[in-house]
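> Sending over a structure as structure tokens; questions will come in a sec.
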Amino acid sequence: MPKLPPFGSSRDKTPKYTVKEVAEMMELSTYTVRYYENAGLVPDVDRSEGNIRLFSDYSLGWLRLVHCLRATGLPIEGVRRYIELCAKGDASIPERAEIIFAQEKSLRQQLKALHRQMEVLKYKKHLR
């Protein structure tokens with residue numbers, strides 16, 4: 001199985017990974033990988049002569065970002081908006097930053113709630 005490239009954006013657009021390989025590398029289902037690509041959330045995915053999706057390190061970076069944003073609770077339309085803003089270039093940085101900061105705030109709130117829940121479980125475990 002290919003190794004997942006380091007986090008960050010790669011400029012390498014050489015098509016090399018199938019949906020199955022990408023799913024294994026990223027620990028996602030093949031359905032999820034296809035869904036994100038079909039939804040237009042992963043730019044620059046190529047197709048082989050047999051119409052098989054081929055991802056590059058560049059498109060893997062996008063997929064990783066899409067999955068991260070979804071995991072933080074950003075709806076598909078919010079992810080789509082973020083990607084559209086990226087395509088607009090540097091002029092959209094302030095609006096993109098707002099999205100990222102809002103998701104960071106939401107994630108911090110989720111972490112606090114999870115921490116409180118963990119404390120309850122620890123307490124109950126020690127009462128056995």
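We name chains A, B, ... following the order of the structure tokens; residues begin at 1 in each chain, and ligands are numbered from 1 as shown.
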Could you give me, as a ChimeraX atom specification, the residues within 12 Å of Ser106 in chain A, counting only C-alpha atoms and dropping anything in the same chain fewer than 3 positions from it?

/A:69,71-74,99-103,109-113

> Please, could you write that set of residues out with all heavy atoms as an mmCIF file, in the first residue's frame?


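Output file result-v1.cif follows:
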data_model
loop_
_atom_site.group_PDB
_atom_site.id
_atom_site.type_symbol
_atom_site.label_atom_id
_atom_site.label_comp_id
_atom_site.auth_asym_id
_atom_site.auth_seq_id
_atom_site.Cartn_x
_atom_site.Cartn_y
_atom_site.Cartn_z
ATOM 1 N N LEU A 69 -12.362 19.260 7.235
ATOM 2 C CA LEU A 69 -13.446 20.235 7.408
ATOM 3 C C LEU A 69 -14.765 19.543 7.715
ATOM 4 O O LEU A 69 -15.534 19.998 8.562
ATOM 5 C CB LEU A 69 -13.564 21.126 6.167
ATOM 6 C CG LEU A 69 -12.402 22.087 5.935
ATOM 7 C CD1 LEU A 69 -12.541 22.794 4.589
ATOM 8 C CD2 LEU A 69 -12.283 23.096 7.067
ATOM 9 N N ALA A 71 -15.084 16.599 9.135
ATOM 10 C CA ALA A 71 -14.969 16.006 10.476
ATOM 11 C C ALA A 71 -15.179 17.044 11.572
ATOM 12 O O ALA A 71 -15.592 16.691 12.685
ATOM 13 C CB ALA A 71 -13.617 15.320 10.631
ATOM 14 N N THR A 72 -14.919 18.304 11.279
ATOM 15 C CA THR A 72 -15.153 19.358 12.269
ATOM 16 C C THR A 72 -16.597 19.828 12.266
ATOM 17 O O THR A 72 -16.974 20.691 13.039
ATOM 18 C CB THR A 72 -14.233 20.582 12.039
ATOM 19 O OG1 THR A 72 -14.573 21.201 10.798
ATOM 20 C CG2 THR A 72 -12.774 20.200 12.092
ATOM 21 N N GLY A 73 -17.402 19.257 11.348
ATOM 22 C CA GLY A 73 -18.821 19.593 11.316
ATOM 23 C C GLY A 73 -19.233 20.580 10.247
ATOM 24 O O GLY A 73 -20.404 20.955 10.182
ATOM 25 N N LEU A 74 -18.303 21.003 9.403
ATOM 26 C CA LEU A 74 -18.667 21.942 8.345
ATOM 27 C C LEU A 74 -19.521 21.204 7.309
ATOM 28 O O LEU A 74 -19.111 20.163 6.795
ATOM 29 C CB LEU A 74 -17.416 22.520 7.681
ATOM 30 C CG LEU A 74 -17.640 23.675 6.700
ATOM 31 C CD1 LEU A 74 -18.225 24.896 7.416
ATOM 32 C CD2 LEU A 74 -16.324 24.065 6.025
ATOM 33 N N ILE A 99 -13.898 31.160 8.007
ATOM 34 C CA ILE A 99 -14.408 29.785 8.016
ATOM 35 C C ILE A 99 -13.545 28.908 8.915
ATOM 36 O O ILE A 99 -14.050 28.162 9.754
ATOM 37 C CB ILE A 99 -14.480 29.216 6.585
ATOM 38 C CG1 ILE A 99 -15.540 29.969 5.769
ATOM 39 C CG2 ILE A 99 -14.768 27.713 6.595
ATOM 40 C CD1 ILE A 99 -15.519 29.668 4.272
ATOM 41 N N ILE A 100 -12.228 29.016 8.740
ATOM 42 C CA ILE A 100 -11.307 28.195 9.533
ATOM 43 C C ILE A 100 -11.413 28.544 11.016
ATOM 44 O O ILE A 100 -11.469 27.650 11.867
ATOM 45 C CB ILE A 100 -9.854 28.354 9.025
ATOM 46 C CG1 ILE A 100 -9.717 27.819 7.595
ATOM 47 C CG2 ILE A 100 -8.867 27.684 9.972
ATOM 48 C CD1 ILE A 100 -10.030 26.354 7.413
ATOM 49 N N PHE A 101 -11.454 29.823 11.349
ATOM 50 C CA PHE A 101 -11.555 30.228 12.754
ATOM 51 C C PHE A 101 -12.871 29.747 13.369
ATOM 52 O O PHE A 101 -12.899 29.325 14.524
ATOM 53 C CB PHE A 101 -11.405 31.741 12.911
ATOM 54 C CG PHE A 101 -10.008 32.240 12.638
ATOM 55 C CD1 PHE A 101 -9.804 33.385 11.888
ATOM 56 C CD2 PHE A 101 -8.894 31.566 13.114
ATOM 57 C CE1 PHE A 101 -8.513 33.856 11.626
ATOM 58 C CE2 PHE A 101 -7.613 32.019 12.863
ATOM 59 C CZ PHE A 101 -7.423 33.166 12.121
ATOM 60 N N ALA A 102 -13.959 29.815 12.605
ATOM 61 C CA ALA A 102 -15.247 29.345 13.113
ATOM 62 C C ALA A 102 -15.204 27.838 13.380
ATOM 63 O O ALA A 102 -15.726 27.363 14.399
ATOM 64 C CB ALA A 102 -16.363 29.675 12.126
ATOM 65 N N GLN A 103 -14.571 27.089 12.484
ATOM 66 C CA GLN A 103 -14.473 25.643 12.685
ATOM 67 C C GLN A 103 -13.556 25.316 13.859
ATOM 68 O O GLN A 103 -13.812 24.382 14.615
ATOM 69 C CB GLN A 103 -13.992 24.947 11.412
ATOM 70 C CG GLN A 103 -15.037 24.894 10.328
ATOM 71 C CD GLN A 103 -16.395 24.441 10.819
ATOM 72 O OE1 GLN A 103 -17.331 25.224 10.879
ATOM 73 N NE2 GLN A 103 -16.511 23.189 11.191
ATOM 74 N N GLN A 109 -14.968 23.802 21.306
ATOM 75 C CA GLN A 109 -16.156 23.564 22.128
ATOM 76 C C GLN A 109 -16.452 22.064 22.227
ATOM 77 O O GLN A 109 -16.790 21.563 23.298
ATOM 78 C CB GLN A 109 -17.357 24.311 21.552
ATOM 79 C CG GLN A 109 -17.243 25.808 21.699
ATOM 80 C CD GLN A 109 -18.285 26.577 20.904
ATOM 81 O OE1 GLN A 109 -18.897 26.048 19.972
ATOM 82 N NE2 GLN A 109 -18.478 27.836 21.262
ATOM 83 N N GLN A 110 -16.299 21.350 21.111
ATOM 84 C CA GLN A 110 -16.509 19.904 21.114
ATOM 85 C C GLN A 110 -15.500 19.212 22.030
ATOM 86 O O GLN A 110 -15.851 18.281 22.762
ATOM 87 C CB GLN A 110 -16.384 19.340 19.705
ATOM 88 C CG GLN A 110 -17.498 19.737 18.758
ATOM 89 C CD GLN A 110 -17.208 19.282 17.341
ATOM 90 O OE1 GLN A 110 -16.761 18.165 17.114
ATOM 91 N NE2 GLN A 110 -17.465 20.155 16.372
ATOM 92 N N LEU A 111 -14.247 19.676 21.978
ATOM 93 C CA LEU A 111 -13.212 19.091 22.831
ATOM 94 C C LEU A 111 -13.521 19.302 24.311
ATOM 95 O O LEU A 111 -13.331 18.398 25.127
ATOM 96 C CB LEU A 111 -11.844 19.680 22.491
ATOM 97 C CG LEU A 111 -11.199 19.162 21.217
ATOM 98 C CD1 LEU A 111 -9.975 20.004 20.858
ATOM 99 C CD2 LEU A 111 -10.808 17.706 21.372
ATOM 100 N N LYS A 112 -13.998 20.501 24.650
ATOM 101 C CA LYS A 112 -14.363 20.775 26.051
ATOM 102 C C LYS A 112 -15.484 19.842 26.497
ATOM 103 O O LYS A 112 -15.453 19.290 27.592
ATOM 104 C CB LYS A 112 -14.797 22.232 26.218
ATOM 105 C CG LYS A 112 -13.652 23.208 26.250
ATOM 106 C CD LYS A 112 -14.183 24.618 26.432
ATOM 107 C CE LYS A 112 -13.043 25.619 26.351
ATOM 108 N NZ LYS A 112 -13.516 27.007 26.458
ATOM 109 N N ALA A 113 -16.485 19.662 25.640
ATOM 110 C CA ALA A 113 -17.604 18.783 25.980
ATOM 111 C C ALA A 113 -17.119 17.344 26.137
ATOM 112 O O ALA A 113 -17.522 16.642 27.080
ATOM 113 C CB ALA A 113 -18.689 18.870 24.909
#

> So which residues of chain A fall under strand (DSSP E or B) by DSSP, listed as a list in words?

Tyr17, Asp46, Arg47, Arg53, Leu54 and Phe55 of chain A

> One decimal, Å: what's the distance from CA of Met118 in chain A over to CA of Ser29 in chain A, could you say?

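Distance between the two atoms: 28.4 Å.
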
> Counting only C-alpha atoms, which residue out of A:Leu107, A:Ile83, A:Ile76, A:Leu63 sits closest to Glu95 in chain A?

A:Ile83

> In Å, rounded to a single decimal, give me how far CA of Arg70 in chain A is from CA of Glu21 in chain A.

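Between CA of Glu21 in chain A and CA of Arg70 in chain A the gap is 20.7 Å.
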
> One number please: CA of Leu28 in chain A to CA of Glu98 in chain A, in Å, one decimal.

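One can read the CA of Leu28 in chain A to CA of Glu98 in chain A distance as 27.4 Å.
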
> Show me, as an MDAnalysis selection string, the residues that have an atom within 12 Å of Tyr36 in chain A when counting only C-alpha atoms, minus same-chain residues fewer than 3 positions from it.

chainID A and resid 19 23 28:33 39:43 45 59:60 62:67 69:70 76:77 79:80

> Taking the DSSP assignment computed from this structure's backbone, write out as a JSON list (two decimals) with C-alpha atoms, in the first residue's frame all residues of chain A that belong to helix (DSSP H, G or I).


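Okay, part_10.json is ready:
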[["chain", "number", "residue", "atom", "x", "y", "z"],
["A", 19, "VAL", "CA", -9.78, 5.23, -5.20],
["A", 20, "LYS", "CA", -9.01, 2.01, -3.35],
["A", 21, "GLU", "CA", -5.42, 3.08, -2.60],
["A", 22, "VAL", "CA", -6.57, 6.52, -1.47],
["A", 23, "ALA", "CA", -9.25, 5.02, 0.76],
["A", 24, "GLU", "CA", -6.68, 2.72, 2.40],
["A", 25, "MET", "CA", -4.11, 5.47, 2.84],
["A", 26, "MET", "CA", -6.61, 7.88, 4.39],
["A", 30, "THR", "CA", -14.16, 4.07, -1.14],
["A", 31, "TYR", "CA", -17.72, 5.42, -1.10],
["A", 32, "THR", "CA", -16.60, 8.52, 0.81],
["A", 33, "VAL", "CA", -13.67, 9.16, -1.54],
["A", 34, "ARG", "CA", -15.95, 8.87, -4.58],
["A", 35, "TYR", "CA", -18.64, 11.01, -2.95],
["A", 36, "TYR", "CA", -16.25, 13.89, -2.26],
["A", 37, "GLU", "CA", -14.85, 13.70, -5.78],
["A", 38, "ASN", "CA", -18.31, 13.48, -7.40],
["A", 57, "ASP", "CA", -0.43, 14.02, -4.21],
["A", 58, "TYR", "CA", -1.97, 17.43, -4.99],
["A", 59, "SER", "CA", -5.52, 16.06, -5.05],
["A", 60, "LEU", "CA", -4.79, 14.03, -1.88],
["A", 61, "GLY", "CA", -4.02, 17.30, -0.12],
["A", 62, "TRP", "CA", -7.43, 18.61, -1.11],
["A", 63, "LEU", "CA", -9.12, 15.39, -0.05],
["A", 64, "ARG", "CA", -7.39, 15.55, 3.31],
["A", 65, "LEU", "CA", -8.61, 19.14, 3.79],
["A", 66, "VAL", "CA", -12.16, 18.25, 2.73],
["A", 67, "HIS", "CA", -12.27, 15.33, 5.15],
["A", 68, "CYS", "CA", -10.87, 17.49, 7.97],
["A", 69, "LEU", "CA", -13.45, 20.23, 7.41],
["A", 70, "ARG", "CA", -16.26, 17.67, 7.30],
["A", 71, "ALA", "CA", -14.97, 16.01, 10.48],
["A", 76, "ILE", "CA", -20.84, 20.06, 2.41],
["A", 77, "GLU", "CA", -22.00, 23.47, 1.17],
["A", 78, "GLY", "CA", -19.55, 25.14, 3.55],
["A", 79, "VAL", "CA", -16.73, 22.97, 2.25],
["A", 80, "ARG", "CA", -17.76, 23.76, -1.31],
["A", 81, "ARG", "CA", -17.74, 27.48, -0.49],
["A", 82, "TYR", "CA", -14.27, 27.19, 1.03],
["A", 83, "ILE", "CA", -12.93, 25.48, -2.10],
["A", 84, "GLU", "CA", -14.56, 28.10, -4.34],
["A", 85, "LEU", "CA", -12.88, 30.79, -2.27],
["A", 86, "CYS", "CA", -9.50, 29.05, -2.62],
["A", 87, "ALA", "CA", -9.94, 29.11, -6.38],
["A", 88, "LYS", "CA", -10.41, 32.90, -6.21],
["A", 90, "ASP", "CA", -5.42, 35.58, -2.18],
["A", 91, "ALA", "CA", -8.27, 38.10, -2.26],
["A", 92, "SER", "CA", -10.44, 35.51, -0.50],
["A", 93, "ILE", "CA", -8.03, 34.85, 2.36],
["A", 94, "PRO", "CA", -10.01, 36.91, 4.93],
["A", 95, "GLU", "CA", -13.23, 35.01, 4.19],
["A", 96, "ARG", "CA", -11.41, 31.66, 4.22],
["A", 97, "ALA", "CA", -9.84, 32.59, 7.55],
["A", 98, "GLU", "CA", -13.30, 33.29, 8.99],
["A", 99, "ILE", "CA", -14.41, 29.79, 8.02],
["A", 100, "ILE", "CA", -11.31, 28.19, 9.53],
["A", 101, "PHE", "CA", -11.55, 30.23, 12.75],
["A", 102, "ALA", "CA", -15.25, 29.35, 13.11],
["A", 103, "GLN", "CA", -14.47, 25.64, 12.69],
["A", 104, "GLU", "CA", -11.61, 25.90, 15.15],
["A", 105, "LYS", "CA", -13.93, 27.51, 17.70],
["A", 106, "SER", "CA", -16.52, 24.78, 17.14],
["A", 107, "LEU", "CA", -13.89, 22.08, 17.52],
["A", 108, "ARG", "CA", -12.61, 23.61, 20.76],
["A", 109, "GLN", "CA", -16.16, 23.56, 22.13],
["A", 110, "GLN", "CA", -16.51, 19.90, 21.11],
["A", 111, "LEU", "CA", -13.21, 19.09, 22.83],
["A", 112, "LYS", "CA", -14.36, 20.77, 26.05],
["A", 113, "ALA", "CA", -17.60, 18.78, 25.98],
["A", 114, "LEU", "CA", -15.71, 15.54, 25.36],
["A", 115, "HIS", "CA", -13.32, 16.33, 28.19],
["A", 116, "ARG", "CA", -16.25, 16.86, 30.59],
["A", 117, "GLN", "CA", -17.75, 13.54, 29.47],
["A", 118, "MET", "CA", -14.41, 11.80, 29.99],
["A", 119, "GLU", "CA", -14.22, 13.18, 33.53],
["A", 120, "VAL", "CA", -17.65, 11.72, 34.31],
["A", 121, "LEU", "CA", -16.58, 8.34, 32.97],
["A", 122, "LYS", "CA", -13.33, 8.42, 34.97],
["A", 123, "TYR", "CA", -15.31, 9.24, 38.11],
["A", 124, "LYS", "CA", -17.76, 6.40, 37.50],
["A", 125, "LYS", "CA", -14.94, 3.97, 36.72],
["A", 126, "HIS", "CA", -13.28, 4.67, 40.08],
["A", 127, "LEU", "CA", -16.56, 4.07, 41.95]]

> Between A:Lys13, A:Pro75, A:Gly89, A:Glu27, which residue has the minimum interatomic distance to Leu54 in chain A, considering only C-alpha atoms?

A:Lys13

> Residues near Phe55 in chain A, anyone? I mean within 6 Å using only C-alpha atoms, not counting same-chain ones fewer than 5 positions away, as a CSV table (one decimal) with N, CA, C and O atoms, in the first residue's frame.


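Final file, out_13.csv:
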chain,number,residue,atom,x,y,z
A,15,PRO,N,-0.9,11.9,-11.8
A,15,PRO,CA,-2.0,10.9,-11.3
A,15,PRO,C,-1.3,9.6,-11.0
A,15,PRO,O,-0.6,9.0,-11.8
A,16,LYS,N,-1.6,9.0,-9.8
A,16,LYS,CA,-0.9,7.8,-9.4
A,16,LYS,C,-1.7,6.9,-8.5
A,16,LYS,O,-1.3,5.7,-8.3
A,17,TYR,N,-2.7,7.4,-7.8
A,17,TYR,CA,-3.4,6.6,-6.8
A,17,TYR,C,-4.9,6.3,-7.2
A,17,TYR,O,-5.6,7.2,-7.6
A,45,VAL,N,-8.7,15.7,-10.1
A,45,VAL,CA,-8.7,14.3,-10.1
A,45,VAL,C,-8.7,13.9,-11.6
A,45,VAL,O,-9.7,14.3,-12.3
